[in-house]
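**Student:** My structure is in final.cif, and what it holds is mmCIF, C-alpha atoms:
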```cif
data_final
loop_
_atom_site.label_atom_id
_atom_site.label_comp_id
_atom_site.auth_asym_id
_atom_site.auth_seq_id
_atom_site.Cartn_x
_atom_site.Cartn_y
_atom_site.Cartn_z
CA MET A 83 4.00 9.99 -14.79
CA ASP A 84 0.99 12.01 -13.61
CA SER A 85 0.94 15.58 -14.79
CA VAL A 86 0.67 17.78 -11.72
CA GLU A 87 0.65 21.49 -11.21
CA LYS A 88 1.09 23.41 -8.02
CA GLY A 89 0.66 27.04 -7.18
CA SER A 90 1.06 29.39 -4.29
CA ALA A 91 -1.50 31.65 -2.69
CA THR A 92 -1.37 34.55 -0.29
CA SER A 93 -4.90 34.88 1.11
CA VAL A 94 -6.30 32.95 4.07
CA SER A 95 -9.45 30.87 3.66
CA ASN A 96 -11.17 28.15 5.66
CA PRO A 97 -12.63 25.10 3.88
CA ARG A 98 -14.95 24.21 6.70
CA GLY A 99 -16.72 27.52 7.21
CA ARG A 100 -15.26 28.16 10.65
CA PRO A 101 -15.42 31.84 11.68
CA SER A 102 -12.17 33.61 10.87
CA ARG A 103 -9.92 34.63 13.72
CA GLY A 104 -8.00 37.20 11.77
CA ARG A 105 -5.11 36.74 9.36
CA PRO A 106 -2.43 34.56 10.95
CA PRO A 107 1.00 36.13 11.28
CA LYS A 108 3.85 35.12 9.01
CA LEU A 109 4.79 31.65 10.12
CA GLN A 110 8.26 30.49 11.06
CA ARG A 111 9.77 27.25 9.85
CA ASN A 112 9.18 24.36 12.26
CA SER A 113 12.01 24.16 14.79
CA ARG A 114 12.48 20.44 14.23
CA GLY A 115 13.18 20.96 10.55
CA GLY A 116 15.36 24.04 10.80
CA GLN A 117 19.08 24.57 11.05
CA GLY A 118 20.62 23.73 14.39
CA ARG A 119 23.35 21.99 16.22
CA GLY A 120 23.44 18.25 16.38
CA VAL A 121 21.09 15.83 14.67
CA GLU A 122 17.49 16.97 14.78
CA LYS A 123 14.50 14.80 14.10
CA PRO A 124 12.52 15.58 10.93
CA PRO A 125 9.07 17.06 11.52
CA HIS A 126 6.52 14.40 12.43
CA LEU A 127 3.98 14.21 9.59
CA ALA A 128 0.81 12.35 10.58
CA ALA A 129 -1.99 11.31 8.26
CA LEU A 130 -5.37 11.83 9.90
CA ILE A 131 -8.63 10.50 8.46
CA LEU A 132 -11.77 11.73 10.18
CA ALA A 133 -14.45 9.04 10.18
CA ARG A 134 -17.42 9.77 12.38
CA GLY A 135 -19.99 6.98 12.76
CA GLY A 136 -23.02 9.24 12.60
CA SER A 137 -23.10 10.11 8.90
CA LYS A 138 -26.59 11.40 8.11
CA GLY A 139 -26.35 10.89 4.34
CA ILE A 140 -25.32 7.21 4.22
CA PRO A 141 -25.26 5.20 7.49
CA LEU A 142 -21.68 4.16 8.32
CA LYS A 143 -20.65 5.45 4.90
CA ASN A 144 -16.95 5.37 5.78
CA ILE A 145 -16.88 1.56 6.00
CA LYS A 146 -19.50 0.76 3.37
CA HIS A 147 -17.93 -1.48 0.74
CA LEU A 148 -16.92 0.23 -2.49
CA ALA A 149 -15.66 -2.18 -5.16
CA GLY A 150 -15.23 -4.80 -2.46
CA VAL A 151 -13.20 -2.63 -0.07
CA PRO A 152 -14.45 -0.51 2.87
CA LEU A 153 -14.51 3.10 1.66
CA ILE A 154 -11.95 4.24 4.21
CA GLY A 155 -9.67 1.37 3.15
CA TRP A 156 -8.86 3.02 -0.19
CA VAL A 157 -7.32 6.15 1.38
CA LEU A 158 -5.65 4.17 4.17
CA ARG A 159 -3.93 1.97 1.59
CA ALA A 160 -2.71 5.05 -0.29
CA ALA A 161 -1.51 6.77 2.88
CA LEU A 162 0.36 3.75 4.23
CA ASP A 163 1.95 2.87 0.88
CA SER A 164 3.10 6.46 0.28
CA GLY A 165 5.78 5.99 2.95
CA VAL A 166 5.82 9.70 3.86
CA PHE A 167 3.94 9.57 7.16
CA GLN A 168 5.50 8.77 10.51
CA SER A 169 2.03 7.71 11.64
CA VAL A 170 -1.37 7.10 10.07
CA TRP A 171 -4.45 7.69 12.21
CA VAL A 172 -8.21 7.38 12.02
CA SER A 173 -10.24 9.62 14.35
CA THR A 174 -13.58 7.98 15.08
CA ASP A 175 -16.28 7.49 17.67
CA HIS A 176 -17.48 4.11 16.35
CA ASP A 177 -16.31 0.58 17.20
CA GLU A 178 -16.85 -0.88 13.70
CA ILE A 179 -14.87 1.91 12.06
CA GLU A 180 -12.11 1.40 14.63
CA ASN A 181 -11.92 -2.31 13.77
CA VAL A 182 -11.70 -1.64 10.03
CA ALA A 183 -9.03 1.03 10.55
CA LYS A 184 -6.87 -1.35 12.59
CA GLN A 185 -7.43 -4.09 10.02
CA PHE A 186 -5.81 -1.86 7.39
CA GLY A 187 -2.89 -1.00 9.69
CA ALA A 188 -3.89 2.43 10.99
CA GLN A 189 -3.78 3.67 14.56
CA VAL A 190 -7.02 4.88 16.13
CA HIS A 191 -7.85 8.02 18.08
CA ARG A 192 -11.17 7.71 19.90
CA ARG A 193 -12.93 10.97 19.34
CA SER A 194 -14.82 12.61 22.20
CA SER A 195 -18.60 12.99 22.11
CA GLU A 196 -18.11 16.76 21.87
CA ALA A 197 -16.01 16.47 18.71
CA SER A 198 -18.48 13.93 17.26
CA LYS A 199 -21.54 16.17 17.28
CA ASP A 200 -23.19 17.21 14.02
CA SER A 201 -22.22 20.78 14.82
CA ALA A 202 -18.52 19.95 15.28
CA THR A 203 -16.20 20.93 12.43
CA SER A 204 -13.30 19.01 10.96
CA LEU A 205 -11.00 21.59 12.51
CA ASP A 206 -12.48 20.83 15.95
CA ALA A 207 -11.66 17.12 15.54
CA ILE A 208 -8.15 17.84 14.28
CA ILE A 209 -7.36 20.20 17.16
CA GLU A 210 -8.64 17.60 19.63
CA PHE A 211 -6.32 15.02 18.07
CA LEU A 212 -3.34 17.38 18.33
CA ASN A 213 -4.09 18.01 22.00
CA TYR A 214 -3.43 14.32 22.62
CA HIS A 215 -0.39 14.05 20.33
CA ASN A 216 2.32 16.56 21.07
CA GLU A 217 4.76 14.63 18.87
CA VAL A 218 2.90 15.62 15.68
CA ASP A 219 4.19 18.68 13.79
CA ILE A 220 2.25 18.46 10.53
CA ILE A 221 -1.22 17.08 9.80
CA GLY A 222 -2.22 15.54 6.49
CA ASN A 223 -6.02 15.57 6.80
CA ILE A 224 -7.21 13.06 4.19
CA GLN A 225 -10.90 12.71 3.38
CA ALA A 226 -12.26 9.15 3.60
CA THR A 227 -14.60 9.93 0.71
CA SER A 228 -11.79 10.25 -1.89
CA PRO A 229 -11.23 6.61 -2.95
CA CYS A 230 -9.15 7.38 -6.07
CA LEU A 231 -6.32 9.01 -4.13
CA HIS A 232 -2.87 7.67 -5.08
CA PRO A 233 0.34 7.51 -2.99
CA THR A 234 2.20 9.64 -5.55
CA ASP A 235 -0.10 12.58 -4.78
CA LEU A 236 0.70 12.37 -1.09
CA GLN A 237 4.43 11.97 -1.73
CA LYS A 238 4.56 15.15 -3.80
CA VAL A 239 2.58 17.15 -1.23
CA ALA A 240 4.83 15.94 1.60
CA GLU A 241 7.81 17.18 -0.39
CA MET A 242 6.16 20.59 -0.84
CA ILE A 243 5.69 20.87 2.93
CA ARG A 244 9.05 19.47 4.02
CA GLU A 245 11.40 20.62 1.29
CA GLU A 246 9.79 23.72 -0.21
CA GLY A 247 8.70 25.28 3.06
CA TYR A 248 4.96 25.58 2.53
CA ASP A 249 2.84 25.92 5.66
CA SER A 250 -0.29 24.49 4.07
CA VAL A 251 -1.14 22.62 0.86
CA PHE A 252 -4.59 21.56 -0.28
CA SER A 253 -5.93 19.59 -3.23
CA VAL A 254 -7.75 21.09 -6.20
CA VAL A 255 -9.11 19.91 -9.53
CA ARG A 256 -9.43 21.85 -12.78
CA ARG A 257 -12.94 22.32 -14.14
CA HIS A 258 -14.21 23.83 -17.35
CA GLN A 259 -17.55 25.17 -16.16
CA PHE A 260 -19.13 28.52 -16.92
CA ARG A 261 -20.66 30.17 -13.85
CA TRP A 262 -23.66 32.52 -13.66
CA SER A 263 -25.05 34.67 -10.86
CA GLU A 264 -28.06 33.36 -9.01
CA ILE A 265 -31.49 34.91 -9.62
CA GLN A 266 -33.12 36.08 -6.40
CA LYS A 267 -36.68 37.41 -6.40
CA GLY A 268 -36.83 40.99 -5.28
CA VAL A 269 -33.05 41.31 -5.33
CA ARG A 270 -31.74 40.24 -8.74
CA GLU A 271 -34.23 39.36 -11.46
CA VAL A 272 -31.72 38.55 -14.20
CA THR A 273 -28.58 36.44 -14.26
CA GLU A 274 -25.14 37.65 -15.25
CA PRO A 275 -22.04 35.76 -16.39
CA LEU A 276 -19.35 35.41 -13.74
CA ASN A 277 -16.42 33.97 -15.65
CA LEU A 278 -17.11 34.40 -19.35
CA ASN A 279 -18.13 36.82 -22.05
CA PRO A 280 -21.22 35.29 -23.74
CA ALA A 281 -20.38 37.13 -26.95
CA LYS A 282 -17.02 35.38 -27.08
CA ARG A 283 -17.61 31.94 -25.59
CA PRO A 284 -14.26 30.15 -25.61
CA ARG A 285 -13.86 26.58 -26.78
CA ARG A 286 -12.81 24.14 -24.07
CA GLN A 287 -9.37 23.69 -25.64
CA ASP A 288 -8.87 27.47 -25.70
CA TRP A 289 -9.66 27.96 -22.01
CA ASP A 290 -7.56 26.83 -19.07
CA GLY A 291 -10.61 26.44 -16.84
CA GLU A 292 -10.64 27.21 -13.12
CA LEU A 293 -9.31 25.53 -10.00
CA TYR A 294 -11.74 24.20 -7.40
CA GLU A 295 -11.06 22.59 -4.05
CA ASN A 296 -11.97 18.91 -4.32
CA GLY A 297 -11.73 18.14 -0.59
CA SER A 298 -9.38 15.19 -1.04
CA PHE A 299 -6.80 16.45 1.48
CA TYR A 300 -5.58 19.43 3.51
CA PHE A 301 -2.02 19.47 4.84
CA ALA A 302 -1.10 22.08 7.44
CA LYS A 303 1.55 22.70 10.08
CA ARG A 304 0.61 22.42 13.72
CA HIS A 305 0.98 26.06 14.72
CA LEU A 306 -1.27 27.11 11.85
CA ILE A 307 -4.01 24.67 12.92
CA GLU A 308 -3.73 25.81 16.53
CA MET A 309 -4.54 29.33 15.33
CA GLY A 310 -7.73 28.00 13.75
CA TYR A 311 -6.69 27.52 10.12
CA LEU A 312 -6.27 24.60 7.75
CA GLN A 313 -5.16 27.00 5.03
CA GLY A 314 -2.87 29.92 5.69
CA GLY A 315 0.69 31.15 5.91
CA LYS A 316 2.68 30.26 2.84
CA MET A 317 0.00 28.36 0.91
CA ALA A 318 0.02 26.22 -2.19
CA TYR A 319 -2.48 24.08 -4.02
CA TYR A 320 -1.84 20.65 -5.50
CA GLU A 321 -3.72 19.90 -8.69
CA MET A 322 -5.02 16.35 -8.88
CA ARG A 323 -5.89 14.58 -12.09
CA ALA A 324 -9.61 14.86 -12.87
CA GLU A 325 -10.07 11.08 -12.99
CA HIS A 326 -8.61 10.77 -9.48
CA SER A 327 -10.90 13.46 -8.10
CA VAL A 328 -13.85 11.45 -6.76
CA ASP A 329 -15.86 12.58 -3.76
CA ILE A 330 -18.79 10.54 -2.48
CA ASP A 331 -21.47 12.63 -0.83
CA VAL A 332 -24.71 10.75 -1.49
CA ASP A 333 -25.76 7.17 -2.14
CA ILE A 334 -26.52 7.88 -5.80
CA ASP A 335 -22.79 8.52 -6.34
CA TRP A 336 -21.92 4.98 -5.27
CA PRO A 337 -22.32 3.02 -8.56
CA ILE A 338 -20.51 5.76 -10.49
CA ALA A 339 -17.69 5.91 -7.94
CA GLU A 340 -17.39 2.12 -8.03
CA GLN A 341 -16.71 2.18 -11.77
CA ARG A 342 -14.24 5.05 -11.39
CA VAL A 343 -12.36 3.25 -8.61
CA LEU A 344 -12.09 0.04 -10.60
CA ARG A 345 -10.65 1.99 -13.50
CA PHE A 346 -8.55 4.67 -11.79
CA GLY A 347 -8.14 3.55 -8.17
CA TYR A 348 -4.95 2.48 -6.41
CA PHE A 349 -4.79 -1.27 -5.80
CA GLY A 350 -1.47 -1.61 -4.01
CA LYS A 351 2.28 -1.47 -4.57
CA GLU A 352 2.50 -4.54 -6.76
CA LYS A 353 1.14 -4.32 -10.28
CA LEU A 354 -1.86 -6.44 -11.17
CA LYS A 355 -1.24 -9.41 -13.41
CA GLU A 356 -3.65 -11.24 -15.66
CA ILE A 357 -5.53 -13.97 -13.78
CA LYS A 358 -5.17 -17.46 -15.24
CA LEU A 359 -6.57 -19.63 -12.42
CA LEU A 360 -9.48 -19.18 -9.99
CA VAL A 361 -9.71 -21.59 -7.05
CA CYS A 362 -13.04 -21.59 -5.26
CA ASN A 363 -13.98 -23.16 -1.96
CA ILE A 364 -17.02 -25.41 -2.38
CA ASP A 365 -18.77 -25.07 0.97
CA GLY A 366 -19.88 -21.52 1.65
CA CYS A 367 -18.81 -20.15 -1.75
CA LEU A 368 -20.22 -22.38 -4.48
CA THR A 369 -22.90 -23.50 -2.02
CA ASN A 370 -24.44 -21.69 0.92
CA GLY A 371 -22.93 -24.26 3.26
CA HIS A 372 -26.21 -26.01 3.93
CA ILE A 373 -26.27 -29.78 3.50
CA TYR A 374 -29.50 -31.70 3.05
CA VAL A 375 -29.69 -35.45 3.59
CA SER A 376 -32.26 -37.58 1.76
CA GLY A 377 -34.10 -40.54 3.24
CA ASP A 378 -31.57 -42.92 1.73
CA GLN A 379 -28.72 -40.95 3.36
CA LYS A 380 -27.60 -39.22 0.15
CA GLU A 381 -26.17 -35.73 0.36
CA ILE A 382 -28.05 -32.93 -1.36
CA ILE A 383 -26.62 -29.44 -1.94
CA SER A 384 -27.95 -26.34 -3.66
CA TYR A 385 -26.22 -23.68 -5.74
CA ASP A 386 -27.17 -20.55 -7.65
CA VAL A 387 -27.46 -20.72 -11.43
CA LYS A 388 -25.82 -17.27 -11.56
CA ASP A 389 -22.66 -18.80 -10.10
CA ALA A 390 -22.66 -21.55 -12.72
CA ILE A 391 -22.94 -18.86 -15.41
CA GLY A 392 -20.05 -16.97 -13.79
CA ILE A 393 -17.87 -20.09 -13.88
CA ASN A 394 -18.69 -20.67 -17.55
CA LEU A 395 -17.90 -17.03 -18.40
CA LEU A 396 -14.52 -17.32 -16.69
CA LYS A 397 -13.71 -20.51 -18.58
CA LYS A 398 -14.74 -18.96 -21.91
CA SER A 399 -12.36 -16.08 -21.22
CA GLY A 400 -9.49 -18.53 -20.74
CA ILE A 401 -9.44 -18.64 -16.92
CA GLU A 402 -9.20 -22.11 -15.40
CA VAL A 403 -11.65 -22.68 -12.52
CA ARG A 404 -10.99 -25.36 -9.88
CA LEU A 405 -12.93 -26.31 -6.75
CA ILE A 406 -11.59 -27.29 -3.34
CA SER A 407 -12.99 -28.43 0.01
CA GLU A 408 -11.67 -29.67 3.32
CA ARG A 409 -14.83 -31.71 3.71
CA ALA A 410 -15.34 -35.19 2.25
CA CYS A 411 -17.86 -33.95 -0.31
CA SER A 412 -19.51 -36.44 -2.63
CA LYS A 413 -17.78 -36.10 -6.01
CA GLN A 414 -20.78 -37.76 -7.58
CA THR A 415 -23.05 -35.04 -6.21
CA LEU A 416 -20.68 -32.32 -7.38
CA SER A 417 -20.36 -33.93 -10.82
CA SER A 418 -24.12 -33.74 -11.19
CA LEU A 419 -23.81 -29.95 -11.21
CA LYS A 420 -22.11 -30.30 -14.63
CA LEU A 421 -19.64 -27.48 -13.99
CA ASP A 422 -16.80 -29.40 -15.66
CA CYS A 423 -14.21 -28.23 -13.11
CA LYS A 424 -11.32 -30.11 -11.61
CA MET A 425 -11.83 -30.53 -7.87
CA GLU A 426 -10.13 -31.82 -4.74
CA VAL A 427 -12.02 -32.81 -1.57
CA SER A 428 -10.94 -33.93 1.92
CA VAL A 429 -8.06 -31.45 1.68
CA SER A 430 -6.19 -30.83 4.94
CA ASP A 431 -3.70 -28.33 3.47
CA LYS A 432 -5.39 -26.11 0.89
CA LEU A 433 -2.31 -23.96 0.30
CA ALA A 434 -0.26 -27.04 -0.68
CA VAL A 435 -2.92 -28.14 -3.19
CA VAL A 436 -3.25 -24.69 -4.73
CA ASP A 437 0.54 -24.42 -4.93
CA GLU A 438 0.66 -27.76 -6.74
CA TRP A 439 -2.00 -26.60 -9.22
CA ARG A 440 -0.12 -23.32 -9.72
CA LYS A 441 3.14 -25.09 -10.52
CA GLU A 442 1.35 -27.56 -12.77
CA MET A 443 0.06 -24.65 -14.88
CA GLY A 444 3.38 -22.77 -14.76
CA LEU A 445 1.88 -19.73 -13.01
CA CYS A 446 3.18 -17.24 -10.47
CA TRP A 447 1.03 -16.50 -7.41
CA LYS A 448 -0.05 -13.15 -8.88
CA GLU A 449 -1.83 -15.00 -11.68
CA VAL A 450 -3.98 -16.96 -9.22
CA ALA A 451 -7.29 -15.81 -7.70
CA TYR A 452 -8.96 -17.44 -4.72
CA LEU A 453 -12.50 -17.21 -3.36
CA GLY A 454 -12.80 -18.56 0.19
CA ASN A 455 -14.87 -18.07 3.30
CA GLU A 456 -13.31 -19.93 6.23
CA VAL A 457 -10.29 -19.86 8.53
CA SER A 458 -8.83 -22.73 6.48
CA ASP A 459 -8.78 -20.42 3.44
CA GLU A 460 -6.76 -17.63 5.06
CA GLU A 461 -3.30 -18.69 3.89
CA CYS A 462 -4.48 -19.05 0.32
CA LEU A 463 -6.28 -15.70 0.44
CA LYS A 464 -3.12 -13.97 1.67
CA ARG A 465 -0.85 -15.62 -0.92
CA VAL A 466 -2.70 -15.19 -4.21
CA GLY A 467 -2.72 -12.18 -6.50
CA LEU A 468 -6.46 -11.60 -6.19
CA SER A 469 -8.55 -12.70 -3.23
CA GLY A 470 -12.21 -12.52 -2.37
CA VAL A 471 -14.83 -13.74 0.08
CA PRO A 472 -18.65 -13.82 0.09
CA ALA A 473 -20.45 -11.26 2.23
CA ASP A 474 -21.17 -13.88 4.91
CA ALA A 475 -17.60 -15.18 5.22
CA CYS A 476 -16.06 -15.46 8.68
CA SER A 477 -14.41 -12.30 10.03
CA SER A 478 -10.85 -13.66 9.88
CA ALA A 479 -11.26 -14.52 6.19
CA GLN A 480 -12.66 -11.04 5.50
CA LYS A 481 -9.58 -9.48 7.09
CA ALA A 482 -7.30 -11.40 4.73
CA VAL A 483 -8.79 -10.30 1.41
CA GLY A 484 -8.82 -7.50 -1.10
CA TYR A 485 -12.45 -7.93 -2.19
CA ILE A 486 -15.59 -8.62 -0.15
CA CYS A 487 -18.61 -9.56 -2.25
CA LYS A 488 -22.03 -8.07 -1.70
CA CYS A 489 -23.59 -11.50 -2.31
CA ASN A 490 -23.55 -14.38 0.15
CA GLY A 491 -22.01 -17.77 -0.56
CA GLY A 492 -24.19 -19.91 -2.82
CA ARG A 493 -26.19 -16.79 -3.71
CA GLY A 494 -24.23 -15.19 -6.54
CA ALA A 495 -20.82 -14.55 -4.92
CA ILE A 496 -18.91 -16.43 -7.64
CA ARG A 497 -20.66 -14.51 -10.42
CA GLU A 498 -19.94 -11.23 -8.64
CA PHE A 499 -16.28 -12.13 -8.12
CA ALA A 500 -16.04 -13.15 -11.79
CA GLU A 501 -17.29 -9.68 -12.81
CA HIS A 502 -14.69 -8.14 -10.50
CA ILE A 503 -11.97 -10.22 -12.17
CA PHE A 504 -13.12 -9.11 -15.63
CA LEU A 505 -13.03 -5.43 -14.62
CA LEU A 506 -9.53 -5.76 -13.17
CA MET A 507 -8.32 -7.63 -16.23
CA GLU A 508 -9.61 -4.77 -18.36
CA LYS A 509 -7.51 -2.45 -16.18
CA VAL A 510 -4.46 -4.69 -16.71
CA ASN A 511 -4.97 -4.76 -20.48
CA ASN A 512 -5.46 -0.98 -20.65
CA SER A 513 -2.23 -0.38 -18.71
CA CYS A 514 -0.34 -2.72 -21.06
CA GLN A 515 -1.53 -0.75 -24.08
CA LYS A 516 -0.27 2.58 -22.75
#
```
Could I get this file's structure written as structure tokens?
**Tutor:**
Amino acid sequence: MDSVEKGSATSVSNPRGRPSRGRPPKLQRNSRGGQGRGVEKPPHLAALILARGGSKGIPLKNIKHLAGVPLIGWVLRAALDSGVFQSVWVSTDHDEIENVAKQFGAQVHRRSSEASKDSATSLDAIIEFLNYHNEVDIIGNIQATSPCLHPTDLQKVAEMIREEGYDSVFSVVRRHQFRWSEIQKGVREVTEPLNLNPAKRPRRQDWDGELYENGSFYFAKRHLIEMGYLQGGKMAYYEMRAEHSVDIDVDIDWPIAEQRVLRFGYFGKEKLKEIKLLVCNIDGCLTNGHIYVSGDQKEIISYDVKDAIGINLLKKSGIEVRLISERACSKQTLSSLKLDCKMEVSVSDKLAVVDEWRKEMGLCWKEVAYLGNEVSDEECLKRVGLSGVPADACSSAQKAVGYICKCNGGRGAIREFAEHIFLLMEKVNNSCQK
């Protein structure tokens, strides 16, 4: 179980730099959760992810794919699977972000142009949301840029708010960093230590470090927010594990965050199992879907050598690779590729064929991976343990998967998906060794 610490605080601070409006008065327990006659509804806790379309750092950063999943999808999955929210919302001003949010099962609040300006604060957007939703008593403001958030973190914070009576709880991470004062010409010419004695520098193991806000989430009760605060009243922090504390601010963070997510991210309620079989659609995955016809009416297709290497790497690691197509492909043409894979063509029911292969190998569905790109692949993509599509797959296929490749079909998608499988299998093996 994750080691977690929590603490209380008495001062009022604002994480977004909004001018203070004075210390809020001592807050009373929400009327819906207090003692009373009859059966009262529990306070309505709503998750709210703010996802403006006009990010200046990385265009449409909130839906850029990170490890095959739109960035906002990681926190939406954690929020929905936590089971502690009566509703999960995305506040946005952009159509594409709205579509992705709905794809993951969230509700959407269309933010006004006023609350979408560069000068607007997070608090402005949250207050606007509350003005439209009188049913909400508590807001869990989750940052879209924290892809390693886990449901267990949210469950424990919800308990602190509901059961322990805190008015606000925010996430922190422990850091072991020595701080020094800034040198300013004409003001301060020398630096001074802020949190250490240089003559007695402590070893890391002898120092508890310090707590820093990591921006992953801010939970606060409605009346506190309406007074202009995300932190106030009876406050507490929630200490997240360092490996789960990932915040993406600039593009250079992306490759590092991708590796962290693959190792420490949350992939869903069901545990990953080792993949034993990969089924790949031929047209649009192995090939780019283009068909060339020679003068003597023979079919000619092209494929990427990288994909052939990916298939061979999978086979060497003990993963069976099989090919499937609904089209009457020429087996002779496919055999000339020398991939040495079992294949089925002219398939009208792909799910039935994959199910037959699965049973033949004595596998459960969680041990099967599928790479598809068309409407006819949807049922297979939804059923298997690990699913993927090339970047140029149809929209309905993209909505059915857990991983969307950066590469197009016939242009390295299989190799990329193979690397994704290897990384996840490393995660499975590491969890088995613990």
**Student:** Which one of A:Asp474, A:Asp459, A:Glu449, A:Asp335 sits closest to Leu360 in chain A if you count all atoms listed in the file?
**Tutor:**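 Once distances to Leu360 in chain A are computed over all atoms listed in the file, the minimum belongs to A:Glu449.
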**Student:** Go through A:Gln259, A:Ser228, A:Ser169, A:Asn213 and flag the residue nearest Glu340 in chain A, using only C-alpha atoms for the distances.
**Tutor:**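 Among the listed residues, the smallest separation from Glu340 in chain A belongs to A:Ser228.
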**Student:** Report the distance between CA of Asp235 in chain A and CA of Gly484 in chain A in Å, rounded to one decimal place.
**Tutor:**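 The value is 22.2 Å.
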**Student:** Within 8 Å of (-9.3, 17.9, -5.8) in the file's own coordinates, which protein, DNA or RNA residues have an atom, counting only C-alpha atoms? List them as an MDAnalysis selection string.
**Tutor:** chainID A and resid 253:255 294:299 320:324 327:328
**Student:** With only C-alpha atoms as the basis for distance, which of A:Leu130, A:Ala302, A:Ala197, A:Leu205 is at the shortest distance from Trp171 in chain A?
**Tutor:**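 Among the listed residues, the smallest separation from Trp171 in chain A belongs to A:Leu130.
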**Student:** Restricting the calculation to only C-alpha atoms: of A:Gly222, A:Gly155, A:Gly492, A:Pro229, which residue gets closest to Leu312 in chain A?
**Tutor:**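 Between A:Gly222, A:Gly155, A:Gly492, A:Pro229, the residue approaching Leu312 in chain A most closely is A:Gly222.
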**Student:** Using only C-alpha atoms, determine which residues lie at most 8 Å from Val251 in chain A, disregarding the query and same-chain residues fewer than 2 positions distant; provide the list as a PyMOL selection string.
**Tutor:** chain A and resi 239+242-243+248-249+253+300-302+313+317-320
**Student:** So, with all atoms listed in the file as the atoms that count, which of A:Cys462, A:Asp177, A:Asp389, A:Glu356 lies closest to Lys448 in chain A?
**Tutor:** A:Glu356
**Student:** Quick check on the file I pasted: which residues fall under the PyMOL selection byres ((chain A and resi 156) around 10)? Write them as a PyMOL selection string.
**Tutor:** chain A and resi 148-149+151-155+157-161+186+226-232+343+347-350
**Student:** With the file shown as input, list the residues that the PyMOL selection byres ((chain A and resi 131) around 8) selects, as a PyMOL selection string.
**Tutor:** chain A and resi 129-130+132-133+171-173+223-226
**Student:** Please produce a file of those selected residues containing C-alpha atoms, as a CSV table (one decimal), in the frame of the given file.
**Tutor:**
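Output contents, as saved in out11.csv:
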```
chain,number,residue,atom,x,y,z
A,129,ALA,CA,-2.0,11.3,8.3
A,130,LEU,CA,-5.4,11.8,9.9
A,132,LEU,CA,-11.8,11.7,10.2
A,133,ALA,CA,-14.4,9.0,10.2
A,171,TRP,CA,-4.4,7.7,12.2
A,172,VAL,CA,-8.2,7.4,12.0
A,173,SER,CA,-10.2,9.6,14.4
A,223,ASN,CA,-6.0,15.6,6.8
A,224,ILE,CA,-7.2,13.1,4.2
A,225,GLN,CA,-10.9,12.7,3.4
A,226,ALA,CA,-12.3,9.2,3.6
```
**Student:** As JSON, numbers by chain, please: the residues near Val361 in chain A (cut-off 7 Å, only C-alpha atoms, same-chain neighbours under 2 positions excluded).
**Tutor:** {"A": [359, 363, 403, 404, 405, 451, 452, 453]}
**Student:** Is it possible to get the axis-aligned box enclosing range 275-294 of chain A (all listed atoms, 4 Å extra per side) as lines of an AutoDock Vina configuration file, with centre and edge lengths in Å rounded to one decimal?
**Tutor:**
```
center_x = -14.8
center_y = 30.4
center_z = -17.2
size_x = 22.5
size_y = 21.4
size_z = 27.7
```
**Student:** Check which residues satisfy the PyMOL selection byres ((chain A and resi 355) around 12) in the file shown, then give them as a VMD selection string.
**Tutor:** chain A and resid 349 352 to 354 356 to 359 445 to 451 466 to 468 503 506 to 514
**Student:** List the neighbours of Asp365 in chain A out to 10 Å using all atoms listed in the file; skip same-chain residues closer than 6 positions along the sequence, and give me the result as a PDB file with C-alpha atoms, keeping the file's coordinate frame.
**Tutor:**
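Result file follows (part-v3.pdb):
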```
ATOM      1  CA  GLY A 371     -22.930 -24.260   3.260  1.00  0.00           C
ATOM      2  CA  HIS A 372     -26.210 -26.010   3.930  1.00  0.00           C
ATOM      3  CA  ILE A 373     -26.270 -29.780   3.500  1.00  0.00           C
ATOM      4  CA  ILE A 383     -26.620 -29.440  -1.940  1.00  0.00           C
ATOM      5  CA  LEU A 405     -12.930 -26.310  -6.750  1.00  0.00           C
ATOM      6  CA  ILE A 406     -11.590 -27.290  -3.340  1.00  0.00           C
ATOM      7  CA  SER A 407     -12.990 -28.430   0.010  1.00  0.00           C
ATOM      8  CA  GLU A 408     -11.670 -29.670   3.320  1.00  0.00           C
ATOM      9  CA  ARG A 409     -14.830 -31.710   3.710  1.00  0.00           C
ATOM     10  CA  CYS A 411     -17.860 -33.950  -0.310  1.00  0.00           C
ATOM     11  CA  GLY A 454     -12.800 -18.560   0.190  1.00  0.00           C
ATOM     12  CA  ASN A 455     -14.870 -18.070   3.300  1.00  0.00           C
ATOM     13  CA  GLU A 456     -13.310 -19.930   6.230  1.00  0.00           C
ATOM     14  CA  GLY A 491     -22.010 -17.770  -0.560  1.00  0.00           C
ATOM     15  CA  GLY A 492     -24.190 -19.910  -2.820  1.00  0.00           C
TER      16      GLY A 492
END
```
**Student:** Mind checking which residues fall within 12 Å of Pro284 in chain A, counting only C-alpha atoms, ignoring those fewer than 5 positions away in the same chain, and posting them as a short mmCIF file (atom, residue, chain, number, x, y, z; two decimals) with C-alpha atoms, keeping the file's coordinate frame?
**Tutor:**
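Here's the written file selection_11.cif:
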```cif
data_model
loop_
_atom_site.label_atom_id
_atom_site.label_comp_id
_atom_site.auth_asym_id
_atom_site.auth_seq_id
_atom_site.Cartn_x
_atom_site.Cartn_y
_atom_site.Cartn_z
CA HIS A 258 -14.21 23.83 -17.35
CA GLN A 259 -17.55 25.17 -16.16
CA PHE A 260 -19.13 28.52 -16.92
CA ASN A 277 -16.42 33.97 -15.65
CA LEU A 278 -17.11 34.40 -19.35
CA ASN A 279 -18.13 36.82 -22.05
CA TRP A 289 -9.66 27.96 -22.01
CA ASP A 290 -7.56 26.83 -19.07
CA GLY A 291 -10.61 26.44 -16.84
#
```
